[in-house]
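A.B. asks: One file is attached below, work_37.cif, containing mmCIF, C-alpha atoms and all ligand atoms.
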data_work
loop_
_atom_site.label_atom_id
_atom_site.label_comp_id
_atom_site.auth_asym_id
_atom_site.auth_seq_id
_atom_site.Cartn_x
_atom_site.Cartn_y
_atom_site.Cartn_z
CA MET A 1010 18.58 -8.83 2.34
CA TYR A 1011 17.50 -11.86 0.28
CA ARG A 1012 20.01 -14.53 -0.63
CA LYS A 1013 20.55 -15.28 -4.32
CA GLY A 1014 18.40 -18.14 -5.58
CA GLU A 1015 16.31 -18.13 -2.41
CA THR A 1016 12.53 -18.01 -2.92
CA VAL A 1017 11.08 -14.89 -1.33
CA LYS A 1018 7.62 -15.42 0.10
CA VAL A 1019 5.46 -12.37 -0.47
CA VAL A 1020 2.04 -11.51 0.86
CA ALA A 1021 0.47 -8.82 -1.32
CA VAL A 1022 -2.58 -7.13 0.13
CA SER A 1023 -4.56 -5.30 -2.53
CA GLY A 1024 -6.75 -2.89 -0.63
CA SER A 1025 -9.01 -1.32 -3.22
CA PRO A 1026 -12.59 -2.43 -3.78
CA ARG A 1027 -12.28 -1.39 -7.44
CA MET A 1028 -11.65 -3.87 -10.23
CA LYS A 1029 -9.64 -1.26 -12.15
CA SER A 1030 -7.57 -0.15 -9.22
CA VAL A 1031 -4.71 2.28 -9.82
CA THR A 1032 -3.11 1.08 -6.59
CA GLU A 1033 -3.20 -2.50 -7.80
CA SER A 1034 -1.60 -1.54 -11.13
CA LEU A 1035 1.31 -0.04 -9.18
CA LEU A 1036 1.40 -3.10 -6.92
CA ASN A 1037 1.63 -5.36 -9.98
CA CYS A 1038 4.61 -3.40 -11.31
CA PHE A 1039 6.34 -3.60 -7.93
CA LEU A 1040 5.76 -7.36 -7.74
CA GLU A 1041 7.08 -7.78 -11.29
CA GLY A 1042 10.22 -5.90 -10.23
CA LEU A 1043 10.85 -8.41 -7.45
CA GLY A 1044 11.82 -10.82 -10.21
CA PRO A 1045 12.05 -14.61 -10.29
CA ASP A 1046 12.15 -16.94 -7.27
CA THR A 1047 9.25 -15.07 -5.72
CA SER A 1048 6.18 -16.79 -4.38
CA ILE A 1049 3.29 -14.33 -4.18
CA THR A 1050 0.06 -14.83 -2.25
CA ARG A 1051 -2.52 -12.13 -2.81
CA PHE A 1052 -5.33 -11.07 -0.56
CA TYR A 1053 -8.19 -8.72 -1.37
CA PRO A 1054 -9.77 -7.57 1.91
CA TYR A 1055 -12.82 -6.16 0.08
CA ARG A 1056 -13.50 -9.48 -1.67
CA MET A 1057 -12.67 -11.83 1.18
CA ASN A 1058 -15.08 -13.32 3.64
CA LEU A 1059 -13.53 -11.17 6.38
CA LYS A 1060 -15.12 -10.55 9.75
CA PHE A 1061 -14.11 -7.87 12.22
CA CYS A 1062 -11.94 -8.81 15.22
CA GLN A 1063 -14.35 -9.48 18.10
CA ALA A 1064 -11.80 -8.64 20.83
CA CYS A 1065 -12.74 -11.92 22.57
CA TRP A 1066 -9.03 -12.66 23.28
CA HIS A 1067 -9.52 -16.37 22.63
CA CYS A 1068 -6.47 -16.23 20.36
CA TRP A 1069 -4.39 -15.13 23.35
CA LEU A 1070 -5.97 -16.80 26.34
CA LYS A 1071 -7.95 -19.88 25.31
CA THR A 1072 -6.69 -21.10 21.92
CA PRO A 1073 -3.22 -19.50 21.69
CA GLY A 1074 -2.46 -18.40 18.13
CA LYS A 1075 -5.85 -19.44 16.78
CA CYS A 1076 -8.72 -17.10 16.00
CA VAL A 1077 -12.25 -18.29 16.80
CA LEU A 1078 -13.69 -16.64 13.70
CA ASP A 1079 -14.18 -19.02 10.80
CA ASP A 1080 -13.45 -17.03 7.63
CA ASP A 1081 -10.82 -16.35 4.96
CA MET A 1082 -8.45 -14.76 7.45
CA ALA A 1083 -7.26 -18.24 8.49
CA ASP A 1084 -5.40 -18.59 5.17
CA ALA A 1085 -4.09 -15.02 5.41
CA LEU A 1086 -2.69 -15.65 8.89
CA LEU A 1087 -0.82 -18.74 7.68
CA ALA A 1088 0.64 -16.76 4.77
CA LEU A 1089 1.48 -13.75 6.94
CA ASP A 1090 3.23 -15.98 9.46
CA GLU A 1091 5.46 -17.42 6.72
CA ALA A 1092 6.04 -14.27 4.65
CA ASP A 1093 9.42 -12.62 4.08
CA LEU A 1094 7.80 -9.54 2.59
CA VAL A 1095 4.38 -7.98 3.13
CA VAL A 1096 3.26 -5.44 0.53
CA LEU A 1097 0.31 -3.38 1.68
CA ALA A 1098 -1.26 -1.62 -1.31
CA SER A 1099 -4.04 0.73 -0.38
CA PRO A 1100 -5.97 3.73 -1.64
CA LEU A 1101 -6.30 6.62 0.81
CA TYR A 1102 -9.81 6.87 2.24
CA VAL A 1103 -10.72 9.87 4.39
CA ASP A 1104 -7.04 10.38 5.17
CA GLY A 1105 -6.35 6.81 6.26
CA PHE A 1106 -6.61 3.12 5.45
CA PRO A 1107 -9.96 1.96 4.04
CA GLY A 1108 -12.18 0.02 6.44
CA ALA A 1109 -11.57 -3.44 4.98
CA VAL A 1110 -7.79 -2.96 4.98
CA LYS A 1111 -7.85 -1.95 8.64
CA ALA A 1112 -10.15 -4.87 9.43
CA PHE A 1113 -7.60 -7.18 7.76
CA VAL A 1114 -4.68 -5.75 9.73
CA ASP A 1115 -6.63 -5.85 13.02
CA ARG A 1116 -6.95 -9.60 12.57
CA ILE A 1117 -3.19 -10.25 12.91
CA ILE A 1118 -3.50 -10.37 16.73
CA PRO A 1119 -3.27 -14.21 16.82
CA LEU A 1120 0.27 -13.89 15.43
CA ILE A 1121 1.50 -11.97 18.48
CA GLU A 1122 1.91 -12.96 22.10
CA PRO A 1123 -0.13 -11.46 24.96
CA ALA A 1124 2.86 -10.57 27.19
CA ILE A 1125 3.88 -6.92 27.02
CA THR A 1126 7.61 -6.55 26.48
CA VAL A 1127 9.89 -3.58 25.82
CA ASP A 1128 11.50 -2.95 22.44
CA ALA A 1129 14.94 -1.46 21.70
CA GLU A 1130 13.45 2.05 21.88
CA GLY A 1131 11.98 1.40 25.35
CA HIS A 1132 8.46 1.15 23.96
CA SER A 1133 5.89 -1.45 25.03
CA ARG A 1134 5.38 -4.17 22.46
CA HIS A 1135 3.95 -7.62 22.01
CA ARG A 1136 6.37 -10.12 20.47
CA ARG A 1137 5.52 -12.18 17.44
CA ARG A 1138 4.86 -15.80 18.34
CA ARG A 1139 7.22 -16.95 15.62
CA MET A 1140 9.84 -14.28 15.23
CA HIS A 1141 11.60 -14.10 11.88
CA HIS A 1142 12.76 -11.32 9.64
CA GLN A 1143 9.81 -9.80 7.80
CA THR A 1144 9.75 -6.58 5.86
CA ALA A 1145 6.70 -4.52 4.93
CA VAL A 1146 6.29 -1.99 2.14
CA LEU A 1147 3.43 0.46 1.65
CA ILE A 1148 2.07 1.36 -1.78
CA ALA A 1149 -0.65 4.02 -1.62
CA THR A 1150 -2.52 6.31 -3.98
CA CYS A 1151 -4.83 9.26 -3.45
CA GLY A 1152 -6.99 11.57 -5.50
CA PHE A 1153 -5.92 14.95 -4.14
CA PRO A 1154 -2.82 16.53 -5.66
CA GLU A 1155 -0.66 17.10 -2.57
CA VAL A 1156 1.58 14.32 -1.26
CA ASP A 1157 1.08 15.53 2.31
CA ASN A 1158 -2.37 13.94 2.19
CA PHE A 1159 -0.50 10.73 3.05
CA ASN A 1160 0.97 12.08 6.30
CA VAL A 1161 -1.50 10.31 8.59
CA MET A 1162 -1.33 7.05 6.65
CA ARG A 1163 2.47 7.08 6.55
CA SER A 1164 2.73 7.57 10.31
CA HIS A 1165 0.13 4.88 10.79
CA PHE A 1166 2.06 2.49 8.58
CA VAL A 1167 5.32 3.04 10.47
CA ALA A 1168 3.49 2.39 13.76
CA MET A 1169 1.72 -0.61 12.26
CA CYS A 1170 5.08 -2.13 11.29
CA LYS A 1171 6.31 -1.86 14.88
CA ASN A 1172 3.07 -3.33 16.17
CA ALA A 1173 3.16 -6.25 13.77
CA GLY A 1174 6.87 -7.00 14.08
CA TRP A 1175 7.57 -5.99 10.49
CA ASN A 1176 10.74 -4.17 9.48
CA TYR A 1177 9.77 -1.00 7.70
CA GLY A 1178 10.83 -1.46 4.08
CA GLY A 1179 9.76 1.86 2.56
CA GLU A 1180 6.76 3.45 0.96
CA LEU A 1181 5.57 4.43 -2.50
CA VAL A 1182 2.94 7.13 -2.09
CA ILE A 1183 1.40 8.58 -5.22
CA SER A 1184 -1.07 11.45 -5.38
CA GLN A 1185 -3.05 12.73 -8.40
CA SER A 1186 -4.63 9.37 -9.22
CA GLY A 1187 -7.45 11.28 -10.95
CA ILE A 1188 -5.29 11.43 -14.08
CA ALA A 1189 -3.81 7.95 -13.75
CA ARG A 1190 -6.01 6.36 -16.36
CA VAL A 1191 -5.21 8.89 -19.09
CA PRO A 1192 -2.98 6.84 -21.43
CA GLY A 1193 0.71 7.42 -20.85
CA VAL A 1194 0.37 9.81 -17.92
CA PHE A 1195 1.33 7.32 -15.18
CA ASP A 1196 3.86 5.36 -17.28
CA GLU A 1197 6.83 6.73 -15.38
CA LYS A 1198 5.17 5.84 -12.06
CA TYR A 1199 4.74 2.25 -13.23
CA LEU A 1200 8.40 2.06 -14.25
CA LEU A 1201 9.46 3.48 -10.89
CA ALA A 1202 7.23 1.00 -9.05
CA LYS A 1203 8.98 -1.81 -10.92
CA LYS A 1204 12.36 -0.29 -10.09
CA ALA A 1205 11.33 -0.12 -6.43
CA GLY A 1206 10.54 -3.86 -6.58
CA GLN A 1207 13.99 -4.55 -8.06
CA GLU A 1208 15.66 -2.45 -5.37
CA CYS A 1209 13.62 -4.10 -2.64
CA ARG A 1210 14.78 -7.51 -3.85
CA LEU A 1211 18.39 -6.35 -3.66
CA GLY A 1212 18.09 -4.91 -0.17
CA ARG A 1213 16.14 -1.70 0.15
CA ILE A 1214 14.14 0.77 -1.89
CA SER A 1215 16.28 3.84 -2.47
CA ASN A 1216 15.20 7.25 -1.20
CA GLU A 1217 15.64 8.52 -4.73
CA THR A 1218 13.04 6.08 -6.09
CA MET A 1219 10.61 6.86 -3.27
CA GLU A 1220 11.01 10.60 -3.87
CA SER A 1221 10.74 10.32 -7.65
CA ILE A 1222 7.58 8.24 -7.60
CA SER A 1223 5.96 10.70 -5.16
CA ARG A 1224 6.70 13.73 -7.31
CA PRO A 1225 3.36 15.17 -8.53
CA ILE A 1226 2.90 15.22 -12.31
CA LEU A 1227 0.98 18.50 -12.41
CA ASP A 1228 1.12 21.55 -10.20
CA HIS A 1229 -1.75 21.48 -7.74
CA GLU A 1230 -3.89 24.16 -9.40
CA THR A 1231 -3.56 22.66 -12.89
CA TYR A 1232 -4.46 19.25 -11.48
CA ARG A 1233 -7.60 20.66 -9.82
CA GLN A 1234 -8.61 22.33 -13.08
CA VAL A 1235 -8.02 19.20 -15.17
CA VAL A 1236 -9.88 16.88 -12.79
CA ASN A 1237 -12.76 19.31 -12.29
CA ALA A 1238 -13.12 19.65 -16.05
CA SER A 1239 -13.06 15.85 -16.40
CA PHE A 1240 -16.15 15.58 -14.20
CA GLU A 1241 -18.04 16.93 -17.18
CA GLY A 1242 -17.41 14.62 -20.10
CA GLY A 1243 -14.34 12.74 -18.91
CA PHE A 1244 -10.93 13.27 -20.47
CA ARG A 1245 -12.24 14.63 -23.72
CA GLY A 1246 -12.70 18.27 -24.62
CA GLN A 1247 -11.57 20.79 -22.05
CA ALA A 1248 -9.96 18.37 -19.58
CA SER A 1249 -7.88 16.72 -22.26
CA GLU A 1250 -6.87 20.09 -23.74
CA LEU A 1251 -5.80 21.43 -20.32
CA LEU A 1252 -3.82 18.27 -19.66
CA ARG A 1253 -2.19 18.36 -23.08
CA GLN A 1254 -1.16 21.97 -22.57
CA ALA A 1255 0.18 21.21 -19.10
CA LEU A 1256 2.23 18.23 -20.25
CA ASN A 1257 3.50 19.51 -23.58
CA GLY A 1258 3.17 23.23 -23.88
CA ASP A 1259 3.28 25.10 -20.62
CA LYS A 1260 6.35 23.72 -18.90
CA LYS A 1261 5.58 25.84 -15.84
CA ALA A 1262 2.63 23.53 -15.22
CA LEU A 1263 5.00 20.65 -14.71
CA VAL A 1264 6.35 20.36 -11.19
C1 LIG B 1 -14.44 6.68 0.32
C2 LIG B 1 -13.31 7.39 -0.34
C3 LIG B 1 -12.55 8.28 0.40
C4 LIG B 1 -11.47 8.94 -0.18
N1 LIG B 1 -10.74 9.81 0.59
C5 LIG B 1 -9.70 10.45 0.03
C6 LIG B 1 -8.92 11.37 0.81
O1 LIG B 1 -9.15 11.59 1.98
N2 LIG B 1 -7.91 12.04 0.19
C7 LIG B 1 -7.60 11.83 -1.12
O2 LIG B 1 -6.66 12.44 -1.62
N3 LIG B 1 -8.29 10.93 -1.87
C8 LIG B 1 -9.33 10.25 -1.33
N4 LIG B 1 -10.05 9.35 -2.08
C9 LIG B 1 -9.62 9.06 -3.46
C10 LIG B 1 -8.80 7.75 -3.55
O3 LIG B 1 -7.77 7.72 -2.62
C11 LIG B 1 -8.19 7.60 -4.94
O4 LIG B 1 -9.18 7.67 -5.92
C12 LIG B 1 -7.37 6.34 -5.04
O5 LIG B 1 -6.27 6.57 -5.89
C13 LIG B 1 -8.18 5.18 -5.61
O6 LIG B 1 -7.34 4.06 -5.74
P1 LIG B 1 -7.83 2.75 -6.51
O7 LIG B 1 -7.98 3.09 -7.97
O8 LIG B 1 -6.73 1.78 -6.27
O9 LIG B 1 -9.11 2.32 -5.89
C14 LIG B 1 -11.14 8.68 -1.53
C15 LIG B 1 -11.90 7.78 -2.28
C16 LIG B 1 -12.98 7.16 -1.69
C17 LIG B 1 -13.80 6.18 -2.52
#
Could I get this file's structure written as structure tokens?
C.D. replies:
Amino acid sequence: MYRKGETVKVVAVSGSPRMKSVTESLLNCFLEGLGPDTSITRFYPYRMNLKFCQACWHCWLKTPGKCVLDDDMADALLALDEADLVVLASPLYVDGFPGAVKAFVDRIIPLIEPAITVDAEGHSRHRRRRMHHQTAVLIATCGFPEVDNFNVMRSHFVAMCKNAGWNYGGELVISQSGIARVPGVFDEKYLLAKKAGQECRLGRISNETMESISRPILDHETYRQVVNASFEGGFRGQASELLRQALNGDKKALV
């Protein structure tokens, strides 16, 4: 997908409000995997001066391509227009994208044209003003144990790609983030995120990597027990003992 020696322009959107974000740790590994000749511009919707789209349609009808709002999105739109790869890293909030991430994505309207056209699947679309090949990858984490918690977000992301004129480049969705900060527990996920970055650079993230990174570490019931125990005293005492047993002793607890 990317020619050798060519600089790949990446926009990385880090969608957690937390300073110690698990999602961002995975994003960092993915970006590292992309390797050299990569120019990365990061945006943090929760830390930006980011207003909501006002639906005034100035960017379509009065000042084509230019948003009337004066905030940090101006820089993001320039970067998004130029990008070869958009990496959307987001925690799952109430089964979807967090408010600030959605507010960020809603603001891409100046990049697309008002005219309604028809895509290859016969579906109504707006074209990008400046059409060029752009790929988007989703990296998402959630606190519940089951991977199907991402179903709504995954469908939304696929639809979002079509809406924004991005080629869908794959998704890394990781549940059980409640144990992510226990030393060593997420190490394999970080390695797989880096591998996904390497694969992405070479063409596409393999299904095997996407499946492996999504595989839950603990069975659902053990995870619930460990996390519930951690609410009282953190990962010391009972929570740590349950986790240790699950990871080392009772192999049945491993999925
Ligand atoms: C407001 C809010 C809503 C959440 N909703 C869900 C949810 O619907 N399902 C789920 O599994 N986790 C949910 N979580 C947990 C986060 O998805 C999880 O902790 C995530 O991995 C945090 O990522 P971060 O460390 O990058 O911020 C929610 C967390 C918050 C703060």
A.B. asks: Each side padded by 3 Å, which centre and which edge lengths in Å (one decimal) define the axis-aligned box around the listed atoms of stretch 1075-1081 of chain A? Give them as lines of an AutoDock Vina configuration file.
C.D. replies:
center_x = -10.0
center_y = -17.9
center_z = 10.9
size_x = 14.3
size_y = 9.1
size_z = 17.8
A.B. asks: At a cut-off of 12 Å, using all atoms listed in the file, what residues contact A:Glu1250? Leave out same-chain residues fewer than 4 positions from it and give the result as a list in words.
C.D. replies: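 Returned residues: Thr1231, Gln1234, Val1235, Val1236, Ala1238, Ser1239, Gly1243, Phe1244, Arg1245, Gly1246, Gln1254, Ala1255, Leu1256, Asn1257, Gly1258 and Asp1259 of chain A.
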A.B. asks: With only C-alpha atoms and all ligand atoms counted and 9 Å as the cut-off, give the residues of chain A in contact with ligand LIG 1 (chain B), each with its shortest interatomic distance in Å and the pair that gives it, as a Markdown table.
C.D. replies:
| residue | atom | partner | partner_atom | distance |
| --- | --- | --- | --- | --- |
| A:Ser1023 | CA | B:LIG1 | O8 | 8.3 |
| A:Gly1024 | CA | B:LIG1 | O8 | 7.3 |
| A:Ser1025 | CA | B:LIG1 | O9 | 4.5 |
| A:Pro1026 | CA | B:LIG1 | O9 | 6.3 |
| A:Arg1027 | CA | B:LIG1 | O9 | 5.1 |
| A:Met1028 | CA | B:LIG1 | O9 | 8.0 |
| A:Lys1029 | CA | B:LIG1 | O7 | 6.3 |
| A:Ser1030 | CA | B:LIG1 | O7 | 3.5 |
| A:Val1031 | CA | B:LIG1 | O7 | 3.8 |
| A:Thr1032 | CA | B:LIG1 | O8 | 3.7 |
| A:Glu1033 | CA | B:LIG1 | O8 | 5.8 |
| A:Ser1034 | CA | B:LIG1 | O8 | 7.8 |
| A:Leu1035 | CA | B:LIG1 | O8 | 8.7 |
| A:Ala1098 | CA | B:LIG1 | O8 | 8.1 |
| A:Ser1099 | CA | B:LIG1 | O8 | 6.6 |
| A:Pro1100 | CA | B:LIG1 | O6 | 4.3 |
| A:Leu1101 | CA | B:LIG1 | O3 | 3.9 |
| A:Tyr1102 | CA | B:LIG1 | N1 | 3.5 |
| A:Val1103 | CA | B:LIG1 | O1 | 3.4 |
| A:Asp1104 | CA | B:LIG1 | O1 | 4.0 |
| A:Gly1105 | CA | B:LIG1 | O1 | 7.0 |
| A:Pro1107 | CA | B:LIG1 | C1 | 7.5 |
| A:Ala1149 | CA | B:LIG1 | O5 | 7.5 |
| A:Thr1150 | CA | B:LIG1 | O5 | 4.2 |
| A:Cys1151 | CA | B:LIG1 | O3 | 3.4 |
| A:Gly1152 | CA | B:LIG1 | N3 | 3.9 |
| A:Phe1153 | CA | B:LIG1 | O2 | 3.6 |
| A:Pro1154 | CA | B:LIG1 | O2 | 6.9 |
| A:Glu1155 | CA | B:LIG1 | O2 | 7.7 |
| A:Val1156 | CA | B:LIG1 | O2 | 8.5 |
| A:Asn1158 | CA | B:LIG1 | O2 | 5.9 |
| A:Phe1159 | CA | B:LIG1 | O2 | 7.9 |
| A:Ile1183 | CA | B:LIG1 | O5 | 8.0 |
| A:Ser1184 | CA | B:LIG1 | O2 | 6.8 |
| A:Gln1185 | CA | B:LIG1 | O5 | 7.4 |
| A:Ser1186 | CA | B:LIG1 | O5 | 4.6 |
| A:Gly1187 | CA | B:LIG1 | O4 | 6.4 |
| A:Ala1189 | CA | B:LIG1 | O5 | 8.4 |
A.B. asks: Which residue gives the smallest distance to A:Arg1163 among A:Leu1078, A:Lys1198, A:Gly1193, A:Leu1097, with only C-alpha atoms counted?
C.D. replies: A:Leu1097
A.B. asks: Please report the interatomic distance between atom CA of A:Ala1202 and atom CA of A:Gly1179 in Å with one decimal.
C.D. replies: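 Between atom CA of A:Ala1202 and atom CA of A:Gly1179 the gap works out to 11.9 Å.
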A.B. asks: Would you please work out which residue, of A:Gly1242, A:Gly1042, A:Ile1188, A:Arg1210, is nearest to A:Leu1227 when using all atoms listed in the file?
C.D. replies: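 Of A:Gly1242, A:Gly1042, A:Ile1188, A:Arg1210, the one nearest A:Leu1227, counting all atoms listed in the file, is A:Ile1188.
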A.B. asks: Stretch 1014-1022 of chain A: which residues within 7 Å, counting all atoms listed in the file, same-chain residues fewer than 2 positions away excluded, as an MDAnalysis selection string?
C.D. replies: chainID A and resid 1011:1012 1024 1046:1053 1088:1089 1092:1098
A.B. asks: For the residues in the current selection, export C-alpha atoms as a short mmCIF file (atom, residue, chain, number, x, y, z; two decimals), in the coordinates of the input.
C.D. replies:
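Produced file again27.cif, reproduced below:
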data_model
loop_
_atom_site.label_atom_id
_atom_site.label_comp_id
_atom_site.auth_asym_id
_atom_site.auth_seq_id
_atom_site.Cartn_x
_atom_site.Cartn_y
_atom_site.Cartn_z
CA TYR A 1011 17.50 -11.86 0.28
CA ARG A 1012 20.01 -14.53 -0.63
CA GLY A 1024 -6.75 -2.89 -0.63
CA ASP A 1046 12.15 -16.94 -7.27
CA THR A 1047 9.25 -15.07 -5.72
CA SER A 1048 6.18 -16.79 -4.38
CA ILE A 1049 3.29 -14.33 -4.18
CA THR A 1050 0.06 -14.83 -2.25
CA ARG A 1051 -2.52 -12.13 -2.81
CA PHE A 1052 -5.33 -11.07 -0.56
CA TYR A 1053 -8.19 -8.72 -1.37
CA ALA A 1088 0.64 -16.76 4.77
CA LEU A 1089 1.48 -13.75 6.94
CA ALA A 1092 6.04 -14.27 4.65
CA ASP A 1093 9.42 -12.62 4.08
CA LEU A 1094 7.80 -9.54 2.59
CA VAL A 1095 4.38 -7.98 3.13
CA VAL A 1096 3.26 -5.44 0.53
CA LEU A 1097 0.31 -3.38 1.68
CA ALA A 1098 -1.26 -1.62 -1.31
#
A.B. asks: For A:Met1140, list every protein, DNA or RNA residue within 12 Å, evaluated using all atoms listed in the file, and leave out those in the same chain fewer than 2 positions away; present the list as a PyMOL selection string.
C.D. replies: chain A and resi 1089-1093+1120-1122+1135-1138+1142-1143+1173-1176
A.B. asks: Go through A:Phe1061, A:Phe1039, A:Phe1240, A:Tyr1055 and flag the residue nearest A:Cys1076, using all atoms listed in the file for the distances.
C.D. replies: A:Phe1061
A.B. asks: Anything within 10 Å of (16.9, -3.5, 2.9): list those residues as a compact mmCIF listing (two decimals) with C-alpha atoms, keeping the file's coordinate frame, counting all atoms listed in the file and sticking to the file's coordinates.
C.D. replies:
# COMPACT_ATOMS: atom_id res chain seq x y z
CA MET A 1010 18.58 -8.83 2.34
CA TYR A 1011 17.50 -11.86 0.28
CA THR A 1144 9.75 -6.58 5.86
CA ASN A 1176 10.74 -4.17 9.48
CA TYR A 1177 9.77 -1.00 7.70
CA GLY A 1178 10.83 -1.46 4.08
CA GLY A 1179 9.76 1.86 2.56
CA GLU A 1208 15.66 -2.45 -5.37
CA CYS A 1209 13.62 -4.10 -2.64
CA ARG A 1210 14.78 -7.51 -3.85
CA LEU A 1211 18.39 -6.35 -3.66
CA GLY A 1212 18.09 -4.91 -0.17
CA ARG A 1213 16.14 -1.70 0.15
CA ILE A 1214 14.14 0.77 -1.89
CA SER A 1215 16.28 3.84 -2.47
A.B. asks: Kindly give the distance, in Å, that separates atom CA of A:Gln1247 and atom CA of A:His1229, rounded to a single decimal.
C.D. replies: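 The value is 17.4 Å.
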A.B. asks: May I ask which of the residues A:Ser1133, A:Gly1074, A:Ile1148, A:Met1057 is the closest one to A:Lys1171, counting only C-alpha atoms?
C.D. replies: A:Ser1133
A.B. asks: Looking at all atoms listed in the file, which of A:Val1182, A:Ile1226, A:Val1114, A:Leu1147 is the one that sits closest to A:Glu1197?
C.D. replies: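 Smallest separation from A:Glu1197 among the options: A:Ile1226.
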A.B. asks: Enter the distance from atom CA of A:Val1194 to atom CA of A:Arg1253, in Å, rounded to one decimal.
C.D. replies: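 Separating atom CA of A:Val1194 from atom CA of A:Arg1253 is a distance of 10.3 Å.
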A.B. asks: Check the smallest atom-to-atom distance from each of A:Arg1224, A:His1165, A:Arg1233, A:Arg1116 to A:Asp1080 using only C-alpha atoms, then report the winner.
C.D. replies: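 Nearest candidate to A:Asp1080 out of A:Arg1224, A:His1165, A:Arg1233, A:Arg1116: A:Arg1116.
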A.B. asks: Give me the residues near A:Cys1062 as a list in words, where near means some atom within 12 Å (using all atoms listed in the file) and where sequence neighbours in that chain fewer than 6 positions away do not count.
C.D. replies: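 Result of the neighbour search: Cys1068, Cys1076, Val1077, Leu1078, Asp1079, Asp1080, Met1082, Ala1109, Lys1111, Ala1112, Phe1113, Val1114, Asp1115, Arg1116, Ile1117, Ile1118 and Pro1119 of chain A.
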A.B. asks: Taking N, CA and C atoms as the atom set, what does stretch 1094-1111 of chain A look like once completed, written as a short mmCIF file (atom, residue, chain, number, x, y, z; two decimals), in the coordinates of the input?
C.D. replies:
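What follows is the written file rebuild-v6.cif:
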data_model
loop_
_atom_site.label_atom_id
_atom_site.label_comp_id
_atom_site.auth_asym_id
_atom_site.auth_seq_id
_atom_site.Cartn_x
_atom_site.Cartn_y
_atom_site.Cartn_z
N LEU A 1094 8.12 -10.92 2.99
CA LEU A 1094 7.80 -9.54 2.59
C LEU A 1094 6.28 -9.37 2.54
N VAL A 1095 5.80 -8.32 3.19
CA VAL A 1095 4.38 -7.98 3.13
C VAL A 1095 4.25 -6.67 2.35
N VAL A 1096 3.47 -6.67 1.30
CA VAL A 1096 3.26 -5.44 0.53
C VAL A 1096 1.81 -5.02 0.73
N LEU A 1097 1.65 -3.87 1.38
CA LEU A 1097 0.31 -3.38 1.68
C LEU A 1097 -0.01 -2.28 0.66
N ALA A 1098 -0.90 -2.59 -0.27
CA ALA A 1098 -1.26 -1.62 -1.31
C ALA A 1098 -2.66 -1.10 -1.02
N SER A 1099 -2.76 0.21 -0.86
CA SER A 1099 -4.04 0.73 -0.38
C SER A 1099 -4.34 2.13 -0.93
N PRO A 1100 -5.58 2.34 -1.36
CA PRO A 1100 -5.97 3.73 -1.64
C PRO A 1100 -6.14 4.48 -0.32
N LEU A 1101 -6.08 5.79 -0.38
CA LEU A 1101 -6.30 6.62 0.81
C LEU A 1101 -7.79 6.93 0.92
N TYR A 1102 -8.39 6.57 2.02
CA TYR A 1102 -9.81 6.87 2.24
C TYR A 1102 -9.94 7.75 3.48
N VAL A 1103 -10.52 8.92 3.29
CA VAL A 1103 -10.72 9.87 4.39
C VAL A 1103 -9.45 9.93 5.25
N ASP A 1104 -8.35 10.16 4.56
CA ASP A 1104 -7.04 10.38 5.17
C ASP A 1104 -6.42 9.17 5.86
N GLY A 1105 -6.95 7.99 5.62
CA GLY A 1105 -6.35 6.81 6.26
C GLY A 1105 -6.57 5.55 5.45
N PHE A 1106 -6.39 4.40 6.12
CA PHE A 1106 -6.61 3.12 5.45
C PHE A 1106 -8.10 2.85 5.33
N PRO A 1107 -8.54 2.31 4.19
CA PRO A 1107 -9.96 1.96 4.04
C PRO A 1107 -10.36 0.91 5.07
N GLY A 1108 -11.66 0.89 5.37
CA GLY A 1108 -12.18 0.02 6.44
C GLY A 1108 -11.75 -1.43 6.31
N ALA A 1109 -11.87 -2.01 5.13
CA ALA A 1109 -11.57 -3.44 4.98
C ALA A 1109 -10.08 -3.72 5.18
N VAL A 1110 -9.23 -2.77 4.80
CA VAL A 1110 -7.79 -2.96 4.98
C VAL A 1110 -7.47 -2.95 6.48
N LYS A 1111 -8.08 -2.01 7.18
CA LYS A 1111 -7.85 -1.95 8.64
C LYS A 1111 -8.41 -3.19 9.31
#
